[in-house]
Structures are given as C-alpha cells and as structure tokens.
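What follows is one structure encoded as structure tokens, with my remarks underneath.
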Amino acid sequence: MGTTLFYILSAIILVFSVLTVTTKKILRAAVYLLFTLIATAGLYFMLNYNFLAAVQLTVYAGGIVVLIIFSILLTHQINLNLSKIRTSKAIVAAGSALLGAVLVLLTLNKYQFTASNEPAMDASVNSIGRQMLSYGDGGYILPFEVISVLLLAAMIGAIIIAKKDK
Amino acid sequence: MIEGISIYHIITVSTLMFFIGAYGFMSRKNLITMLMAIELMLNAVNINFVAFNKYLHPENMQGHFYSLFIIAIAAAEAAVAIAIIINLYRNMHSIDVEDIDQMKY
C-alpha cells in the first residue's frame, strides 16, 4: 500500500515537473506546478511530517501559486503562447541537466547510507512549537526571529518596488 | 519511514526533480516560468532535507526545521520577485529576459 502510493506520488511529481518546464501555455505551467507541490505535500504526509505537509499546502500551494497566477494575469493575456525556444538552446540545457542528474545519481547510489533505527522524534505541532521557540540546546529561536525580520523586509520591499510612481 | 521504500528512492525522485527545474531555468526565457523552475528546485531540496532527516537522523529534527525555513524564505523570495517582474512589465512591456538588457552594457 505504502509503496504503491509512493510510486504514484513520485510519478505525479516527475510528470508534472516535466510538464511545468515544457508546456507552451504559461497558465498551464502554473497549474502543473500546483500539482507538483501538492504531490510533494503528499510525500511529507507519507513520511509522517504532518505539520510540514500542512505548511507546504498553505504556503506553497495556497500562497506562492496564487501569487504566480496573479502575476501572470497582470502581465499576460491568459491564452498567450510562450515564444518557442531555439532547438540548440534546448539541447544544451537538456544535455547539461541530464549530465548533472546522471553524475549526482551515480555518486548518490555509490554512497552507503546507513539508515538509523533510533525511535523517531515526536513531530506533533506541540513539540515543533516548543523546539522552534526554545533558546536552549537544539532550539531555533534565532532563525525564527531572523525570518520574521526578513518577511517584514520582503513585504516592505515588495510594496515599494511594485508601487506606481506618482 | 515508508515501508519498503529506501532513502535511495526518495533522493532519486528529488534529484530528477531538481534537474528538471535546472533544465527549465536554462531553457525558459519568460521570467515567471523561470521563477517556477526555481520553485521546483527549492522543492526538490526540501524533499532531500526531509528524507535525510527521516531516514538517517530521526532522533532530532534539523531537516524538518530547515525545510520550514526554506519554505518561508521561498515565499518571501517569490513576493519580491513578482513585485520586480510587475515593475519591469510596467516599464518595459515585456518580461522576456532577452528584452531586459538595460544594465548589460
């Protein structure tokens, strides 16, 4: 059951990833990206990281994809076809991507990972929240605060950049 | 841990996803589609972090927290990138990288 589900999810991820980068219609690319992100959330659910999967669904699938679709609607006619890429450029890009993938896969498959048998840490929202806000050993309060400043800076920056000059 | 699935399966999927994103980044000319390719690559890295965390070090949660922070940074990055793209479109009426060469020379 778990294996079949994993193969289905990976097939969805790979097929829709390829469609995202090759489709001619830009709005369809955004929708295919949405499917990829949802399948990734499914993978997180299978690994028992429920909170991470929920964040993936809300922030990525709910936030970023909507933002991308919004920007497509602001900058394009919806059914505009993307300009065709030159074949030589596509071949060079595909060749280098393929070379990189083969190289990385060969290296990874040669390396012997030793799976740990220690009991998994509790990944409930309660323990995540406690660890995120603890300033003791293994706490993440500093990156948490830095992220909050970063988000504020990004928000102000985005407003200033996109604002119309009067 | 998923029954019957080793870490090699998951990192194979994420590697392929990463290089599909890399292909998209190299071959596309439209800024928004390039942004989508970057999101694909970030997502592949997230899967990697989570898989390593779950399979190799399940007793602590570093990979999980890294993924959370990457998601937050990706959201901030997308917001700023889209603001820049909208501004570019307003000034140049195009969002193809080949038309945007004002700072090239």
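All residue names refer to the structure tokens as shown: chains lettered A, B, ... in order, residues numbered from 1 in each chain, ligands numbered from 1 in order.
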Pick out the chain A residues within 7 Å of chain B. Count only C-alpha atoms. Give them as a count of residues only. 34
Residue list (alpha helix (DSSP H), DSSP) for chain B, as number ranges by chain: B: 7-27, 31-56, 62-92
I'd like the interatomic distance between atom CA of Arg86 of chain A and atom CA of Val31 of chain A, to a tenth of an Å. 24.6 Å
